[in-house]
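The structure appears below as structure tokens.
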Amino acid sequence: MNKIINWVLAATLIYGPIVFTSCSKEDNPVVTPVAKDYFTLWNSCESLTALQEYVKDVTDPTSANFIKEEDRIATFDMDGTFVGELYPSYFEYNLLEYRVLEDESYKNIAPDDVKETAQEIRDFVRTGKKLPDHFDMKHAYAAAKAYAGMTIAQFDAYVKAYAAKQANGFTGMTYGQSFYKPMLQVFDYLKANGFTFYVVSGSDRFICRALVDAIGIEPNRVIGMDVKLRSSSQGTEEGVNYTLGKEEDIIRTDELIIKNLKTNKVLQITQEIGKVPVLSFGNSGGDSAMHNFCLSNPNYKTAAFMLIADDDARDHANREKALKLGEQWRKAGYHVISMRDDFKTIYGDGVVKTDFSF
């Protein structure tokens with residue numbers, strides 16, 4: 001009897017819940033594994049069906065489209081793909097605005113160009129004033145300056161402290177909790193099917209690392225905007241001429257290396273992963289290059305998914321714009337995930353959209 005009990009416990013760990021069919025006492029028990037439902041927060045929809053059919057095909061050893069586990073690479077944009085971005089701007093924009101205009105330890109020493117950039121974010125958020133052209137690069141240079149001198153540990157703590165603040169435009173959720181819960185189930189599903197996934201974001205790499213730490217994504221699977229780093233005692237010496245001491249910290253500098261958008265995402269994937277993805281997830285035109293790179297994979301069957309923010313009841317969304325983008329993405333050959341139609345919930349129970357407060 002103890003052997004049977006131990007067998008059942010072991011089988012449960014491997015297969016999940018099991019069902020026994022009737023058998024005589026002389027027979028061995030017949031195990032029927034109950035398939036785990038990874039998508040309890042999704043409605044039945046075309047995008048989910050497409051994903052499941054794709055994964056089933058490429059993980060079937062008998063399929064002509066079988067992909068070896070080491071080549072099952074999936075890339076995910078972050079903001080607007082599995083982290084909220086419409087409250088009412090990107091997390092890293094909100095963080096810079098706070099750093100420069102509200103943080104007592106910094107706001108009085110911020111350079112004028114950094115103050116100007118932060119004020120442009122505030123005007124955009126509060127009055128709807130259009131951001132200047134190429135603002136993504138202007139923000140990147142300003143952010144590099146705003147956090148220069150912080151150690152990696154200090155910056156990580158700074159980001160997490162801000163992420164613990166109540167998310168503007170919602171009740172029941174902090175910024176750090178603003179994950180699209182159905183998309184987190186995609187991570188679980190892909191992991192269970194032998195995929196390795198990477199976060200490939202236009203946001204600062206160390207901001208992304210701080211945010212995704214809460215959901216267990218390892219820092220070595222995060223690619224983002226980068227600034228040059230330096231040892232705390234290195235001074236102006238080049239790293240090739242300087243030997244790090246045991247008691248030194250690594251600090252951020254004000255020198256921008258790369259803004260990880262559009263084709264830069266493809267270049268960084270190539271440099272850091274060294275393989276062409278077979279799955280790609282995004283939400284904006286800044287992800288199209290990454291998607292196209294995935295779909296151009298010459299060796300394997302591929303798929304790309306675009307999420308559209310078309311739910312103006314549970315989230316702050318421009319539904320008309322989102323639907324137009326959905327048509328554009330379908331024509332480009334991407335599968336479209338509708339937040340309104342495909343998600344049973346966005347942020348989870350107890351989270352309610354409210355007006356913004358300033």
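A note on labels: chains of the structure tokens are A, B, ... as shown, every chain counts residues from 1, and ligands are counted from 1 in their shown order.
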
| request: Identify, on the basis of only C-alpha atoms, every residue whose closest approach to Ser338 (chain A) does not exceed 12 Å; exclude the query and any residue fewer than 6 positions from it along the same chain; express the result as a PyMOL selection string. | output: chain A and resi 42-48+81+182-183+283+305-312+317+319+322-323+325-327+329+344-346

Residue selection dump (N, CA and C atoms) as a PDB file, in the first residue's frame:
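part.pdb was written with the following content:
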ATOM      1  N   TRP A  42      -8.113  33.666 -19.893  1.00  0.00           N
ATOM      2  CA  TRP A  42      -8.370  33.982 -21.292  1.00  0.00           C
ATOM      3  C   TRP A  42      -9.762  33.508 -21.696  1.00  0.00           C
ATOM      4  N   ASN A  43     -10.362  34.250 -22.601  1.00  0.00           N
ATOM      5  CA  ASN A  43     -11.563  33.777 -23.285  1.00  0.00           C
ATOM      6  C   ASN A  43     -11.141  32.899 -24.466  1.00  0.00           C
ATOM      7  N   SER A  44     -12.068  32.116 -24.957  1.00  0.00           N
ATOM      8  CA  SER A  44     -11.811  31.371 -26.185  1.00  0.00           C
ATOM      9  C   SER A  44     -11.679  32.383 -27.324  1.00  0.00           C
ATOM     10  N   CYS A  45     -10.556  32.348 -28.044  1.00  0.00           N
ATOM     11  CA  CYS A  45     -10.311  33.390 -29.050  1.00  0.00           C
ATOM     12  C   CYS A  45      -9.298  32.902 -30.080  1.00  0.00           C
ATOM     13  N   GLU A  46      -9.258  33.594 -31.204  1.00  0.00           N
ATOM     14  CA  GLU A  46      -8.381  33.205 -32.300  1.00  0.00           C
ATOM     15  C   GLU A  46      -6.909  33.293 -31.915  1.00  0.00           C
ATOM     16  N   SER A  47      -6.537  34.326 -31.169  1.00  0.00           N
ATOM     17  CA  SER A  47      -5.123  34.503 -30.832  1.00  0.00           C
ATOM     18  C   SER A  47      -4.620  33.371 -29.948  1.00  0.00           C
ATOM     19  N   LEU A  48      -5.426  32.971 -28.973  1.00  0.00           N
ATOM     20  CA  LEU A  48      -5.018  31.884 -28.085  1.00  0.00           C
ATOM     21  C   LEU A  48      -4.970  30.555 -28.837  1.00  0.00           C
ATOM     22  N   THR A  81       2.932  45.248 -23.561  1.00  0.00           N
ATOM     23  CA  THR A  81       2.831  43.857 -23.996  1.00  0.00           C
ATOM     24  C   THR A  81       2.496  42.948 -22.821  1.00  0.00           C
ATOM     25  N   PRO A 182      -3.224  37.805 -17.844  1.00  0.00           N
ATOM     26  CA  PRO A 182      -3.291  36.751 -18.867  1.00  0.00           C
ATOM     27  C   PRO A 182      -1.958  36.526 -19.583  1.00  0.00           C
ATOM     28  N   MET A 183      -1.173  37.586 -19.760  1.00  0.00           N
ATOM     29  CA  MET A 183       0.104  37.427 -20.438  1.00  0.00           C
ATOM     30  C   MET A 183       1.113  36.688 -19.564  1.00  0.00           C
ATOM     31  N   ASN A 283       3.522  45.131 -29.046  1.00  0.00           N
ATOM     32  CA  ASN A 283       2.272  45.888 -29.044  1.00  0.00           C
ATOM     33  C   ASN A 283       2.323  47.147 -29.900  1.00  0.00           C
ATOM     34  N   PHE A 305       2.945  37.927 -32.454  1.00  0.00           N
ATOM     35  CA  PHE A 305       1.686  38.376 -31.859  1.00  0.00           C
ATOM     36  C   PHE A 305       1.797  39.844 -31.451  1.00  0.00           C
ATOM     37  N   MET A 306       0.748  40.596 -31.785  1.00  0.00           N
ATOM     38  CA  MET A 306       0.634  41.988 -31.355  1.00  0.00           C
ATOM     39  C   MET A 306      -0.572  42.133 -30.440  1.00  0.00           C
ATOM     40  N   LEU A 307      -0.354  42.738 -29.275  1.00  0.00           N
ATOM     41  CA  LEU A 307      -1.454  43.023 -28.356  1.00  0.00           C
ATOM     42  C   LEU A 307      -1.966  44.436 -28.623  1.00  0.00           C
ATOM     43  N   ILE A 308      -3.279  44.599 -28.729  1.00  0.00           N
ATOM     44  CA  ILE A 308      -3.841  45.939 -28.922  1.00  0.00           C
ATOM     45  C   ILE A 308      -4.610  46.356 -27.673  1.00  0.00           C
ATOM     46  N   ALA A 309      -4.400  47.608 -27.266  1.00  0.00           N
ATOM     47  CA  ALA A 309      -5.041  48.168 -26.069  1.00  0.00           C
ATOM     48  C   ALA A 309      -6.401  48.732 -26.467  1.00  0.00           C
ATOM     49  N   ASP A 310      -7.367  47.829 -26.644  1.00  0.00           N
ATOM     50  CA  ASP A 310      -8.690  48.234 -27.139  1.00  0.00           C
ATOM     51  C   ASP A 310      -9.765  48.186 -26.049  1.00  0.00           C
ATOM     52  N   ASP A 311      -9.360  48.078 -24.790  1.00  0.00           N
ATOM     53  CA  ASP A 311     -10.318  47.991 -23.682  1.00  0.00           C
ATOM     54  C   ASP A 311     -10.347  49.319 -22.931  1.00  0.00           C
ATOM     55  N   ASP A 312     -11.325  50.159 -23.261  1.00  0.00           N
ATOM     56  CA  ASP A 312     -11.419  51.464 -22.606  1.00  0.00           C
ATOM     57  C   ASP A 312     -12.330  51.445 -21.385  1.00  0.00           C
ATOM     58  N   ALA A 317      -7.493  53.389 -22.562  1.00  0.00           N
ATOM     59  CA  ALA A 317      -7.148  53.004 -23.928  1.00  0.00           C
ATOM     60  C   ALA A 317      -7.874  53.884 -24.936  1.00  0.00           C
ATOM     61  N   ARG A 319      -9.626  53.189 -27.996  1.00  0.00           N
ATOM     62  CA  ARG A 319     -10.131  52.011 -28.697  1.00  0.00           C
ATOM     63  C   ARG A 319     -10.095  52.199 -30.219  1.00  0.00           C
ATOM     64  N   ALA A 322      -6.649  51.699 -31.432  1.00  0.00           N
ATOM     65  CA  ALA A 322      -6.235  50.303 -31.259  1.00  0.00           C
ATOM     66  C   ALA A 322      -6.803  49.410 -32.360  1.00  0.00           C
ATOM     67  N   LEU A 323      -8.067  49.635 -32.726  1.00  0.00           N
ATOM     68  CA  LEU A 323      -8.689  48.806 -33.763  1.00  0.00           C
ATOM     69  C   LEU A 323      -8.028  49.032 -35.122  1.00  0.00           C
ATOM     70  N   LEU A 325      -4.897  49.859 -35.524  1.00  0.00           N
ATOM     71  CA  LEU A 325      -3.616  49.169 -35.431  1.00  0.00           C
ATOM     72  C   LEU A 325      -3.800  47.664 -35.605  1.00  0.00           C
ATOM     73  N   GLY A 326      -4.904  47.134 -35.053  1.00  0.00           N
ATOM     74  CA  GLY A 326      -5.173  45.712 -35.194  1.00  0.00           C
ATOM     75  C   GLY A 326      -5.250  45.297 -36.646  1.00  0.00           C
ATOM     76  N   GLU A 327      -5.931  46.093 -37.462  1.00  0.00           N
ATOM     77  CA  GLU A 327      -6.020  45.801 -38.894  1.00  0.00           C
ATOM     78  C   GLU A 327      -4.653  45.882 -39.556  1.00  0.00           C
ATOM     79  N   TRP A 329      -1.758  45.330 -38.125  1.00  0.00           N
ATOM     80  CA  TRP A 329      -0.919  44.190 -37.709  1.00  0.00           C
ATOM     81  C   TRP A 329      -1.346  42.906 -38.421  1.00  0.00           C
ATOM     82  N   LYS A 344     -10.153  37.737 -19.824  1.00  0.00           N
ATOM     83  CA  LYS A 344     -11.218  37.760 -18.821  1.00  0.00           C
ATOM     84  C   LYS A 344     -10.960  38.847 -17.791  1.00  0.00           C
ATOM     85  N   THR A 345      -9.719  39.102 -17.500  1.00  0.00           N
ATOM     86  CA  THR A 345      -9.297  40.180 -16.614  1.00  0.00           C
ATOM     87  C   THR A 345      -8.030  40.755 -17.202  1.00  0.00           C
ATOM     88  N   ILE A 346      -7.680  41.967 -16.804  1.00  0.00           N
ATOM     89  CA  ILE A 346      -6.410  42.544 -17.244  1.00  0.00           C
ATOM     90  C   ILE A 346      -5.405  42.515 -16.094  1.00  0.00           C
TER      91      ILE A 346
END

| Residues at most 9 Å from Ile73 (chain A), counting only C-alpha atoms, excluding those fewer than 2 positions away in the same chain, as JSON, numbers by chain? | {"A": [69, 70, 71, 75, 195, 196, 197, 198, 273, 275, 276, 277, 278, 279, 280]}

For the interface of region 140-201 of chain A with region 228-243 of chain A (cut-off 12 Å, counting only C-alpha atoms), please tabulate each contacting residue of region 140-201 of chain A alongside its nearest pair of atoms and their separation in Å to one decimal, rows sorted by chain and increasing number, as a Markdown table.
| residue | atom | partner | partner_atom | distance |
| --- | --- | --- | --- | --- |
| A:Tyr141 | CA | A:Lys228 | CA | 11.8 |
| A:Ala144 | CA | A:Lys228 | CA | 8.9 |
| A:Lys145 | CA | A:Lys228 | CA | 11.2 |
| A:Tyr147 | CA | A:Leu229 | CA | 11.5 |
| A:Ala148 | CA | A:Leu229 | CA | 9.3 |
| A:Gly149 | CA | A:Ser232 | CA | 8.4 |
| A:Met150 | CA | A:Ser232 | CA | 9.5 |
| A:Thr151 | CA | A:Ser232 | CA | 8.1 |
| A:Ile152 | CA | A:Leu229 | CA | 9.1 |

| said: If you run DSSP on the backbone here, which positions in region 214-277 of chain A get strand (DSSP E)? Please write them as a VMD selection string. | reply: chain A and resid 222 to 231 250 to 258

For the selection just defined, write its residues with C-alpha atoms to a file, as a PDB file, in the first residue's frame.
ATOM      1  CA  VAL A 222      16.437  41.114 -20.066  1.00  0.00           C
ATOM      2  CA  ILE A 223      17.606  43.320 -22.933  1.00  0.00           C
ATOM      3  CA  GLY A 224      16.890  47.055 -22.921  1.00  0.00           C
ATOM      4  CA  MET A 225      18.196  50.583 -23.277  1.00  0.00           C
ATOM      5  CA  ASP A 226      21.749  50.763 -21.945  1.00  0.00           C
ATOM      6  CA  VAL A 227      24.040  53.377 -20.440  1.00  0.00           C
ATOM      7  CA  LYS A 228      27.740  52.923 -19.973  1.00  0.00           C
ATOM      8  CA  LEU A 229      28.746  51.534 -16.595  1.00  0.00           C
ATOM      9  CA  ARG A 230      31.893  52.267 -14.621  1.00  0.00           C
ATOM     10  CA  SER A 231      33.621  51.134 -11.449  1.00  0.00           C
ATOM     11  CA  ILE A 250      29.499  49.347 -10.382  1.00  0.00           C
ATOM     12  CA  ILE A 251      27.847  52.697 -11.093  1.00  0.00           C
ATOM     13  CA  ARG A 252      25.769  54.202 -13.875  1.00  0.00           C
ATOM     14  CA  THR A 253      27.233  56.960 -16.016  1.00  0.00           C
ATOM     15  CA  ASP A 254      25.527  59.652 -18.096  1.00  0.00           C
ATOM     16  CA  GLU A 255      26.726  58.117 -21.371  1.00  0.00           C
ATOM     17  CA  LEU A 256      23.979  56.500 -23.440  1.00  0.00           C
ATOM     18  CA  ILE A 257      25.021  53.372 -25.358  1.00  0.00           C
ATOM     19  CA  ILE A 258      21.801  52.417 -27.167  1.00  0.00           C
TER      20      ILE A 258
END

| request: Name the residues of region 285-331 of chain A that fall into helix (DSSP H, G or I) according to DSSP on the backbone, using the chain letters and numbers of this document, as a list in words. | output: Gly285, Gly286, Asp287, Ser288, Ala289, Met290, His291, Asn292, Phe293, Cys294, Leu295, Arg319, Glu320, Lys321, Ala322, Leu323, Lys324, Leu325, Gly326, Glu327, Gln328, Trp329, Arg330 and Lys331 of chain A

For the residues in the current selection, export N, CA and C atoms as a PDB file, in the first residue's frame.
ATOM      1  N   GLY A 285       4.530  49.669 -33.202  1.00  0.00           N
ATOM      2  CA  GLY A 285       5.400  49.701 -34.363  1.00  0.00           C
ATOM      3  C   GLY A 285       6.865  49.525 -34.014  1.00  0.00           C
ATOM      4  N   GLY A 286       7.226  49.885 -32.782  1.00  0.00           N
ATOM      5  CA  GLY A 286       8.596  49.691 -32.339  1.00  0.00           C
ATOM      6  C   GLY A 286       8.995  48.240 -32.231  1.00  0.00           C
ATOM      7  N   ASP A 287       7.996  47.343 -32.300  1.00  0.00           N
ATOM      8  CA  ASP A 287       8.265  45.901 -32.216  1.00  0.00           C
ATOM      9  C   ASP A 287       8.214  45.215 -33.581  1.00  0.00           C
ATOM     10  N   SER A 288       7.839  45.939 -34.621  1.00  0.00           N
ATOM     11  CA  SER A 288       7.675  45.316 -35.934  1.00  0.00           C
ATOM     12  C   SER A 288       8.979  44.732 -36.460  1.00  0.00           C
ATOM     13  N   ALA A 289      10.084  45.426 -36.241  1.00  0.00           N
ATOM     14  CA  ALA A 289      11.361  44.905 -36.719  1.00  0.00           C
ATOM     15  C   ALA A 289      11.689  43.578 -36.039  1.00  0.00           C
ATOM     16  N   MET A 290      11.445  43.507 -34.737  1.00  0.00           N
ATOM     17  CA  MET A 290      11.681  42.272 -33.980  1.00  0.00           C
ATOM     18  C   MET A 290      10.791  41.152 -34.494  1.00  0.00           C
ATOM     19  N   HIS A 291       9.530  41.466 -34.774  1.00  0.00           N
ATOM     20  CA  HIS A 291       8.607  40.479 -35.333  1.00  0.00           C
ATOM     21  C   HIS A 291       9.086  39.996 -36.702  1.00  0.00           C
ATOM     22  N   ASN A 292       9.468  40.936 -37.547  1.00  0.00           N
ATOM     23  CA  ASN A 292       9.889  40.570 -38.897  1.00  0.00           C
ATOM     24  C   ASN A 292      11.155  39.722 -38.873  1.00  0.00           C
ATOM     25  N   PHE A 293      12.038  40.023 -37.952  1.00  0.00           N
ATOM     26  CA  PHE A 293      13.249  39.215 -37.766  1.00  0.00           C
ATOM     27  C   PHE A 293      12.877  37.785 -37.398  1.00  0.00           C
ATOM     28  N   CYS A 294      11.934  37.642 -36.485  1.00  0.00           N
ATOM     29  CA  CYS A 294      11.446  36.320 -36.090  1.00  0.00           C
ATOM     30  C   CYS A 294      10.833  35.596 -37.290  1.00  0.00           C
ATOM     31  N   LEU A 295       9.958  36.269 -38.000  1.00  0.00           N
ATOM     32  CA  LEU A 295       9.249  35.627 -39.113  1.00  0.00           C
ATOM     33  C   LEU A 295      10.169  35.287 -40.279  1.00  0.00           C
ATOM     34  N   ARG A 319      -9.626  53.189 -27.996  1.00  0.00           N
ATOM     35  CA  ARG A 319     -10.131  52.011 -28.697  1.00  0.00           C
ATOM     36  C   ARG A 319     -10.095  52.199 -30.219  1.00  0.00           C
ATOM     37  N   GLU A 320     -10.481  53.366 -30.705  1.00  0.00           N
ATOM     38  CA  GLU A 320     -10.498  53.606 -32.149  1.00  0.00           C
ATOM     39  C   GLU A 320      -9.109  53.425 -32.750  1.00  0.00           C
ATOM     40  N   LYS A 321      -8.100  53.991 -32.089  1.00  0.00           N
ATOM     41  CA  LYS A 321      -6.724  53.852 -32.573  1.00  0.00           C
ATOM     42  C   LYS A 321      -6.277  52.397 -32.518  1.00  0.00           C
ATOM     43  N   ALA A 322      -6.649  51.699 -31.432  1.00  0.00           N
ATOM     44  CA  ALA A 322      -6.235  50.303 -31.259  1.00  0.00           C
ATOM     45  C   ALA A 322      -6.803  49.410 -32.360  1.00  0.00           C
ATOM     46  N   LEU A 323      -8.067  49.635 -32.726  1.00  0.00           N
ATOM     47  CA  LEU A 323      -8.689  48.806 -33.763  1.00  0.00           C
ATOM     48  C   LEU A 323      -8.028  49.032 -35.122  1.00  0.00           C
ATOM     49  N   LYS A 324      -7.633  50.259 -35.403  1.00  0.00           N
ATOM     50  CA  LYS A 324      -6.925  50.541 -36.659  1.00  0.00           C
ATOM     51  C   LYS A 324      -5.571  49.838 -36.675  1.00  0.00           C
ATOM     52  N   LEU A 325      -4.897  49.859 -35.524  1.00  0.00           N
ATOM     53  CA  LEU A 325      -3.616  49.169 -35.431  1.00  0.00           C
ATOM     54  C   LEU A 325      -3.800  47.664 -35.605  1.00  0.00           C
ATOM     55  N   GLY A 326      -4.904  47.134 -35.053  1.00  0.00           N
ATOM     56  CA  GLY A 326      -5.173  45.712 -35.194  1.00  0.00           C
ATOM     57  C   GLY A 326      -5.250  45.297 -36.646  1.00  0.00           C
ATOM     58  N   GLU A 327      -5.931  46.093 -37.462  1.00  0.00           N
ATOM     59  CA  GLU A 327      -6.020  45.801 -38.894  1.00  0.00           C
ATOM     60  C   GLU A 327      -4.653  45.882 -39.556  1.00  0.00           C
ATOM     61  N   GLN A 328      -3.872  46.863 -39.145  1.00  0.00           N
ATOM     62  CA  GLN A 328      -2.524  47.024 -39.693  1.00  0.00           C
ATOM     63  C   GLN A 328      -1.654  45.815 -39.361  1.00  0.00           C
ATOM     64  N   TRP A 329      -1.758  45.330 -38.125  1.00  0.00           N
ATOM     65  CA  TRP A 329      -0.919  44.190 -37.709  1.00  0.00           C
ATOM     66  C   TRP A 329      -1.346  42.906 -38.421  1.00  0.00           C
ATOM     67  N   ARG A 330      -2.639  42.734 -38.608  1.00  0.00           N
ATOM     68  CA  ARG A 330      -3.101  41.529 -39.328  1.00  0.00           C
ATOM     69  C   ARG A 330      -2.572  41.513 -40.760  1.00  0.00           C
ATOM     70  N   LYS A 331      -2.594  42.674 -41.411  1.00  0.00           N
ATOM     71  CA  LYS A 331      -2.095  42.752 -42.784  1.00  0.00           C
ATOM     72  C   LYS A 331      -0.594  42.464 -42.848  1.00  0.00           C
TER      73      LYS A 331
END

| query | Which one is closest to Tyr106 (chain A): A:Ala146, A:Ala163, A:Val55, A:Val125? Count only C-alpha atoms. | reply |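 Among the listed residues, the smallest separation from Tyr106 (chain A) belongs to A:Ala146.
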
| task | Record the distance separating CA of Thr171 (chain A) and CA of Tyr90 (chain A), expressed in Å with one decimal. | result | 18.2 Å

| said: List as an NGL selection string the protein and nucleic acid residues near region 351-354 of chain A, meaning an atom at most 12 Å away when only C-alpha atoms are counted, but skip any in the same chain fewer than 5 places from it. | reply: :A and (86-88 or 166-175 or 177-181 or 311-317 or 345-346)

| field | Using only C-alpha atoms: which of A:Val200, A:Ile109, A:Leu267, A:Met137 has the shortest distance to Asn220 (chain A) | value |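 Ranked by minimum distance to Asn220 (chain A), first place goes to A:Val200.
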
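Ranking A:Ser89, A:Thr263, A:Ser284, A:Gln119 by their shortest atom-to-atom distance to Leu101 (chain A), with only C-alpha atoms included, puts A:Gln119 first.
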
| task | Could you check how far CA of Phe358 (chain A) sits from CA of Arg126 (chain A), in Å to one decimal? | result | 7.4 Å

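Here CA of Tyr98 (chain A) is placed at a distance of 16.3 Å from CA of Gln154 (chain A).
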